[in-house]
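Engineer: File follows, target31.txt with compact mmCIF, C-alpha atoms:
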# COMPACT_ATOMS: atom_id res chain seq x y z
CA MET A 1 121.22 115.57 87.08
CA ASN A 2 121.10 112.67 84.62
CA ASN A 3 119.13 109.47 85.10
CA GLN A 4 122.09 107.44 86.31
CA GLU A 5 122.93 110.01 88.98
CA LEU A 6 119.30 109.96 90.09
CA ILE A 7 119.25 106.15 90.28
CA ASP A 8 122.49 106.18 92.27
CA LYS A 9 121.02 108.63 94.76
CA LEU A 10 117.84 106.56 95.11
CA LYS A 11 119.91 103.42 95.53
CA LYS A 12 121.78 105.00 98.42
CA ILE A 13 118.53 106.15 100.05
CA VAL A 14 116.78 102.74 99.96
CA LYS A 15 119.81 100.75 101.13
CA PRO A 16 119.07 100.77 104.90
CA TYR A 17 115.52 99.48 104.34
CA ILE A 18 115.90 96.68 101.77
CA GLN A 19 115.42 92.99 102.64
CA ASN A 20 116.48 91.50 99.31
CA GLU A 21 120.19 91.96 98.54
CA GLU A 22 120.02 90.37 95.10
CA ALA A 23 117.25 92.68 93.88
CA TYR A 24 119.19 95.58 95.38
CA ASP A 25 122.38 94.68 93.52
CA ASN A 26 120.39 94.53 90.27
CA LEU A 27 118.42 97.71 90.98
CA ASN A 28 117.15 99.41 87.81
CA GLU A 29 114.27 101.59 86.68
CA GLU A 30 111.85 98.66 86.78
CA THR A 31 112.65 97.70 90.38
CA LYS A 32 109.63 97.80 92.69
CA PHE A 33 110.23 98.87 96.29
CA ILE A 34 107.83 96.51 98.03
CA GLU A 35 107.67 93.49 95.70
CA ASP A 36 111.34 93.38 94.67
CA LEU A 37 113.34 95.06 97.43
CA LYS A 38 110.94 93.82 100.15
CA ILE A 39 110.80 97.20 101.84
CA ASN A 40 107.85 97.24 104.25
CA SER A 41 105.22 99.96 104.15
CA ALA A 42 106.52 101.65 107.34
CA ASN A 43 110.03 101.87 105.93
CA LEU A 44 108.70 103.06 102.58
CA VAL A 45 107.57 106.18 104.48
CA ASP A 46 111.20 106.66 105.60
CA VAL A 47 112.38 106.27 102.00
CA ILE A 48 109.98 109.04 100.92
CA LEU A 49 111.06 111.30 103.81
CA ASP A 50 114.72 110.71 102.91
CA VAL A 51 113.91 111.54 99.28
CA GLU A 52 112.34 114.82 100.46
CA ASP A 53 115.49 115.70 102.41
CA GLU A 54 117.93 114.64 99.70
CA PHE A 55 116.22 116.61 96.90
CA ASP A 56 114.74 119.38 99.07
CA ILE A 57 111.21 118.72 97.80
CA GLU A 58 107.84 118.02 99.40
CA ILE A 59 105.86 114.97 98.42
CA GLY A 60 102.10 114.79 98.83
CA ASP A 61 99.95 111.81 99.79
CA ASP A 62 98.83 111.18 96.20
CA GLU A 63 102.38 111.33 94.88
CA MET A 64 103.63 109.03 97.62
CA GLU A 65 101.09 106.42 96.56
CA GLN A 66 102.50 106.51 93.02
CA MET A 67 106.10 106.10 94.12
CA MET A 68 106.05 102.32 94.21
CA ASP A 69 109.02 101.71 91.90
CA VAL A 70 112.25 103.39 90.82
CA LYS A 71 110.87 104.71 87.51
CA SER A 72 107.76 106.41 88.93
CA SER A 73 109.86 107.87 91.77
CA MET A 74 112.35 109.28 89.27
CA ASP A 75 109.48 110.86 87.30
CA ILE A 76 108.05 112.57 90.37
CA ILE A 77 111.46 113.73 91.65
CA THR A 78 112.46 115.07 88.22
CA LYS A 79 109.16 116.94 87.88
CA LYS A 80 109.59 118.45 91.36
CA ILE A 81 113.20 119.57 91.08
CA SER A 82 112.69 121.11 87.65
CA LYS A 83 110.06 123.49 89.07
CA MET B 1 86.40 119.00 133.92
CA LYS B 2 88.32 115.95 135.06
CA LYS B 3 91.32 115.13 132.92
CA ASN B 4 90.04 111.76 131.82
CA GLU B 5 86.72 113.22 130.76
CA ALA B 6 88.40 115.56 128.30
CA TYR B 7 90.14 112.61 126.66
CA LYS B 8 87.43 110.01 127.18
CA HIS B 9 86.79 109.69 123.44
CA ILE B 10 90.45 108.73 122.96
CA LEU B 11 90.41 106.14 125.75
CA ASN B 12 87.17 104.74 124.32
CA ALA B 13 88.74 104.44 120.87
CA LEU B 14 91.68 102.35 122.14
CA PRO B 15 91.57 98.86 120.63
CA TYR B 16 92.76 97.16 123.85
CA SER B 17 91.12 95.68 126.92
CA ASN B 18 92.16 94.08 130.18
CA PRO B 19 94.65 92.40 130.65
CA PHE B 20 96.43 94.22 127.82
CA LEU B 21 95.29 97.80 128.31
CA PHE B 22 98.12 99.88 129.77
CA VAL B 23 96.58 103.37 129.87
CA ASP B 24 94.93 104.73 133.04
CA GLU B 25 94.89 108.44 132.43
CA LEU B 26 95.79 111.00 129.79
CA ILE B 27 97.18 114.10 131.48
CA ASP B 28 97.97 116.28 128.51
CA MET B 29 97.39 115.94 124.77
CA LYS B 30 98.73 118.26 122.12
CA GLU B 31 99.39 118.04 118.42
CA ASP B 32 103.08 117.45 119.08
CA GLY B 33 102.93 115.15 122.09
CA VAL B 34 101.11 113.42 124.91
CA VAL B 35 101.55 112.72 128.64
CA GLY B 36 99.75 109.83 130.30
CA SER B 37 100.02 107.47 133.24
CA TYR B 38 99.57 103.85 134.20
CA THR B 39 99.85 101.92 137.48
CA TYR B 40 100.88 98.26 137.18
CA PRO B 41 98.48 96.19 139.33
CA GLU B 42 100.38 94.10 141.85
CA ASP B 43 98.34 91.03 140.91
CA SER B 44 99.21 91.22 137.18
CA ASP B 45 99.68 87.71 135.82
CA PHE B 46 103.17 88.31 134.36
CA TYR B 47 104.66 88.95 137.81
CA LYS B 48 104.15 85.25 138.63
CA GLY B 49 106.80 84.31 136.11
CA HIS B 50 108.93 87.44 135.65
CA PHE B 51 110.83 86.59 137.68
CA LYS B 52 110.23 83.55 139.91
CA ASP B 53 109.88 84.95 143.47
CA ASN B 54 111.24 88.31 142.27
CA PRO B 55 108.52 90.27 140.43
CA VAL B 56 109.77 92.97 138.05
CA THR B 57 107.75 94.51 135.20
CA PRO B 58 108.98 92.99 131.89
CA GLY B 59 110.62 95.34 129.39
CA VAL B 60 108.13 94.31 126.70
CA ILE B 61 105.31 95.49 128.97
CA LEU B 62 107.08 98.83 129.56
CA THR B 63 107.51 99.17 125.79
CA GLU B 64 103.84 98.30 125.21
CA THR B 65 102.79 100.90 127.81
CA MET B 66 104.91 103.55 126.08
CA ALA B 67 103.46 102.56 122.70
CA GLN B 68 99.82 102.60 123.87
CA ILE B 69 100.07 106.01 125.57
CA GLY B 70 102.78 107.62 123.47
CA VAL B 71 101.94 106.44 119.98
CA VAL B 72 98.42 104.99 119.81
CA CYS B 73 96.64 107.60 121.98
CA LEU B 74 98.49 110.39 120.18
CA GLY B 75 97.71 108.80 116.81
CA ILE B 76 93.98 108.64 117.61
CA HIS B 77 94.12 112.30 118.61
CA LEU B 78 95.90 113.29 115.40
CA ILE B 79 93.49 111.32 113.22
CA ASN B 80 90.54 112.91 115.05
CA GLU B 81 92.01 116.34 114.36
CA GLU B 82 92.06 115.78 110.61
CA LYS B 83 89.42 117.67 108.71
CA GLU B 84 87.38 114.75 107.52
CA LYS B 85 85.99 112.76 110.39
CA LYS B 86 87.97 109.59 110.28
CA GLN B 87 88.24 106.57 112.51
CA LEU B 88 91.21 104.49 113.42
CA LEU B 89 90.83 101.20 111.60
CA GLN B 90 94.13 99.40 111.93
CA ILE B 91 97.33 99.90 113.88
CA ALA B 92 100.67 98.13 114.01
CA MET B 93 103.87 98.86 115.87
CA THR B 94 106.55 98.87 113.20
CA SER B 95 109.73 99.61 115.13
CA SER B 96 110.99 100.28 118.61
CA SER B 97 114.38 101.09 120.05
CA ILE B 98 114.29 101.40 123.82
CA ASP B 99 116.91 101.65 126.57
CA TYR B 100 115.84 100.29 129.96
CA LEU B 101 117.52 102.19 132.79
CA LEU B 102 115.71 101.25 136.03
CA PRO B 103 113.41 98.42 137.18
CA VAL B 104 109.67 98.98 137.66
CA TYR B 105 108.15 96.96 140.51
CA PRO B 106 104.55 95.75 141.07
CA GLY B 107 102.19 98.58 142.04
CA GLU B 108 104.40 101.37 140.66
CA LYS B 109 102.81 104.28 138.84
CA VAL B 110 104.62 105.49 135.74
CA ILE B 111 104.27 108.61 133.61
CA VAL B 112 104.79 108.33 129.85
CA ASN B 113 105.92 111.43 128.00
CA SER B 114 105.90 111.26 124.21
CA LYS B 115 106.99 113.79 121.61
CA LYS B 116 106.03 113.49 117.96
CA VAL B 117 108.96 113.30 115.54
CA TYR B 118 106.65 113.09 112.51
CA PHE B 119 103.26 111.86 111.39
CA ARG B 120 103.44 111.40 107.63
CA PHE B 121 101.76 109.00 105.23
CA GLY B 122 100.13 107.14 108.12
CA LYS B 123 103.36 106.57 110.05
CA LEU B 124 103.70 108.09 113.50
CA LYS B 125 107.22 108.21 114.95
CA CYS B 126 107.75 109.39 118.53
CA GLU B 127 110.50 109.95 121.07
CA VAL B 128 109.12 108.42 124.25
CA GLU B 129 110.30 108.35 127.86
CA MET B 130 108.85 106.77 130.99
CA LEU B 131 109.28 108.28 134.47
CA ASN B 132 108.63 106.72 137.87
CA ALA B 133 107.06 108.40 140.93
CA LYS B 134 110.47 109.81 141.89
CA ASP B 135 110.65 111.50 138.47
CA GLU B 136 113.51 109.22 137.41
CA VAL B 137 113.67 108.08 133.78
CA VAL B 138 113.10 104.31 133.80
CA CYS B 139 113.23 103.82 130.04
CA LYS B 140 113.34 105.87 126.87
CA GLY B 141 113.67 105.51 123.13
CA THR B 142 111.92 105.71 119.80
CA ILE B 143 108.70 103.96 118.77
CA SER B 144 106.97 104.03 115.38
CA GLY B 145 103.64 102.71 114.26
CA MET B 146 101.43 102.68 111.20
CA MET B 147 97.89 103.99 111.61
CA LYS B 148 95.33 103.20 108.99
CA SER B 149 92.31 105.43 109.16
CA GLY B 150 89.18 105.63 107.12
CA LYS B 151 85.64 106.84 107.15
CA ALA B 152 83.56 105.17 109.80
CA GLU B 153 81.41 102.45 108.29
CA PRO B 154 78.44 100.92 110.04
CA LYS B 155 79.21 97.48 111.38
CA PRO B 156 77.34 94.68 109.60
CA ASN B 157 74.61 93.04 111.62
CA LYS B 158 75.51 89.68 113.03
Rewrite the structure of this file - the entire thing - as structure tokens.
Structural biologist:
Amino acid sequence: MNNQELIDKLKKIVKPYIQNEEAYDNLNEETKFIEDLKINSANLVDVILDVEDEFDIEIGDDEMEQMMDVKSSMDIITKKISK
Amino acid sequence: MKKNEAYKHILNALPYSNPFLFVDELIDMKEDGVVGSYTYPEDSDFYKGHFKDNPVTPGVILTETMAQIGVVCLGIHLINEEKEKKQLLQIAMTSSSIDYLLPVYPGEKVIVNSKKVYFRFGKLKCEVEMLNAKDEVVCKGTISGMMKSGKAEPKPNK
């Protein structure tokens, strides 16, 4: 899976939870889930659970805390699926 | 042992008090769910206005009852079960989707039955239903809340 495919998948996952359409339309590696997309902390849990389902991986508490933006999420997902 | 004694530590940990405590008794508590009950006092203040001359328990109160028994009590139990002794510090209901099927009148006793969908990263999501004394489902749906826990810290002296 290349980076663009990964971003597209993430973009689809976060869509139901975003509150800022403009930031969503311009989503890129730098986009932050809470600050930019205005996803609340309860829905961020749903994003992580959907990521687990989509990529068939398990994310720990420490990793979840790092997944605050698209880039760091891509890093963790890539690391997990390459194992 | 009386039922309430077994779960007294959970009732004591609830962050509510009269007139906004809607838990009388916890009947069963497991890792994957909880059963509890509450009886709405006939003299509850909200019956004066909901509705004029026709008292019916408001849906928000039914939802709150389901959340207190089904999500908060269960959440306290789950946090207590964690290895490190932790205390519930902060809670917030983050979403609810409830269908209301039958009215609940003053003085009625209801049973709340909650099943855990997941408890991950501090978010507890439950499928909750409320039954009346005739065992009819009066409302049901999904409620989620965030539970922040942490090590108990001594309260500062006033």
Engineer: Determine, for each residue of chain A having at least one atom at most 10 Å from an atom of chain B, the closest pair of atoms and their separation in Å to one decimal, counting all atoms listed in the file; order by chain and ascending number, as CSV.
Structural biologist:
residue,atom,partner,partner_atom,distance
A:Asn40,CA,B:Thr94,CA,9.2
A:Ser41,CA,B:Met146,CA,8.5
A:Ala42,CA,B:Lys123,CA,6.4
A:Asn43,CA,B:Thr94,CA,8.6
A:Leu44,CA,B:Phe121,CA,9.5
A:Val45,CA,B:Phe121,CA,6.5
A:Asp46,CA,B:Lys123,CA,9.0
A:Ile48,CA,B:Phe121,CA,9.3
A:Leu49,CA,B:Arg120,CA,8.5
A:Ile59,CA,B:Phe121,CA,9.9
A:Gly60,CA,B:Phe121,CA,8.6
A:Asp61,CA,B:Phe121,CA,6.4
A:Asp62,CA,B:Phe121,CA,9.7
A:Met64,CA,B:Phe121,CA,7.8
A:Glu65,CA,B:Phe121,CA,9.1
Engineer: Excluding stretch 26-31 of chain A and residues on its chain fewer than 4 positions from it, collect all residues at most 12 Å away from it, counting only C-alpha atoms, and give them as a PyMOL selection string.
Structural biologist: chain A and resi 3-4+6-12+14-15+18+20-22+35-39+67-75
Engineer: By how many Å are atom CA of B:Gln90 and atom CA of B:Pro41 apart?
Structural biologist: 27.9 Å
Engineer: For the atom pair atom CA of B:His9 and atom CA of B:Pro106, what is the interatomic distance in Å to one decimal place?
Structural biologist: 28.6 Å
Engineer: Using atom CA of B:Glu25 and atom CA of B:Glu82 as the two end points, give the distance in Å to one decimal.
Structural biologist: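 So the two atoms, atom CA of B:Glu25 and atom CA of B:Glu82, lie 23.2 Å apart.
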Engineer: Taking only C-alpha atoms into account, which of B:Ile98, B:Leu78, B:Val56, B:Ala13 comes nearest B:Lys116?
Structural biologist: B:Leu78
Engineer: Select, from B:Leu102, B:Ile76, B:Ile61, B:Cys139, the residue with the minimum atom-to-atom distance to B:Asp45, counting all atoms listed in the file.
Structural biologist: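 Distance minimum relative to B:Asp45 lands on B:Ile61.
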Engineer: May I have the residues within 9 Å of A:Ile13 as a PyMOL selection string, using all atoms listed in the file and disregarding those fewer than 6 positions away in the same chain?
Structural biologist: chain A and resi 47+50-51+54
Engineer: With a distance cut-off of 7 Å and only C-alpha atoms, select the neighbouring residues of B:Val110, excluding the residue or stretch itself and same-chain residues fewer than 5 positions from it, and output the selection as a PDB file with C-alpha atoms, in the coordinates of the input.
Structural biologist:
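The result, written out as around.pdb:
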ATOM      1  CA  SER B  37     100.020 107.470 133.240  1.00  0.00           C
ATOM      2  CA  TYR B  38      99.570 103.850 134.200  1.00  0.00           C
ATOM      3  CA  THR B  39      99.850 101.920 137.480  1.00  0.00           C
ATOM      4  CA  MET B 130     108.850 106.770 130.990  1.00  0.00           C
ATOM      5  CA  LEU B 131     109.280 108.280 134.470  1.00  0.00           C
ATOM      6  CA  ASN B 132     108.630 106.720 137.870  1.00  0.00           C
ATOM      7  CA  ALA B 133     107.060 108.400 140.930  1.00  0.00           C
TER       8      ALA B 133
END
Engineer: Kindly list the centre and edge lengths in Å, rounded to one decimal, for the axis-aligned box that covers all listed atoms of stretch 14-25 of chain A plus 4 Å on each of its six sides, as lines of an AutoDock Vina configuration file.
Structural biologist:
center_x = 118.9
center_y = 96.6
center_z = 99.2
size_x = 15.0
size_y = 20.4
size_z = 19.4
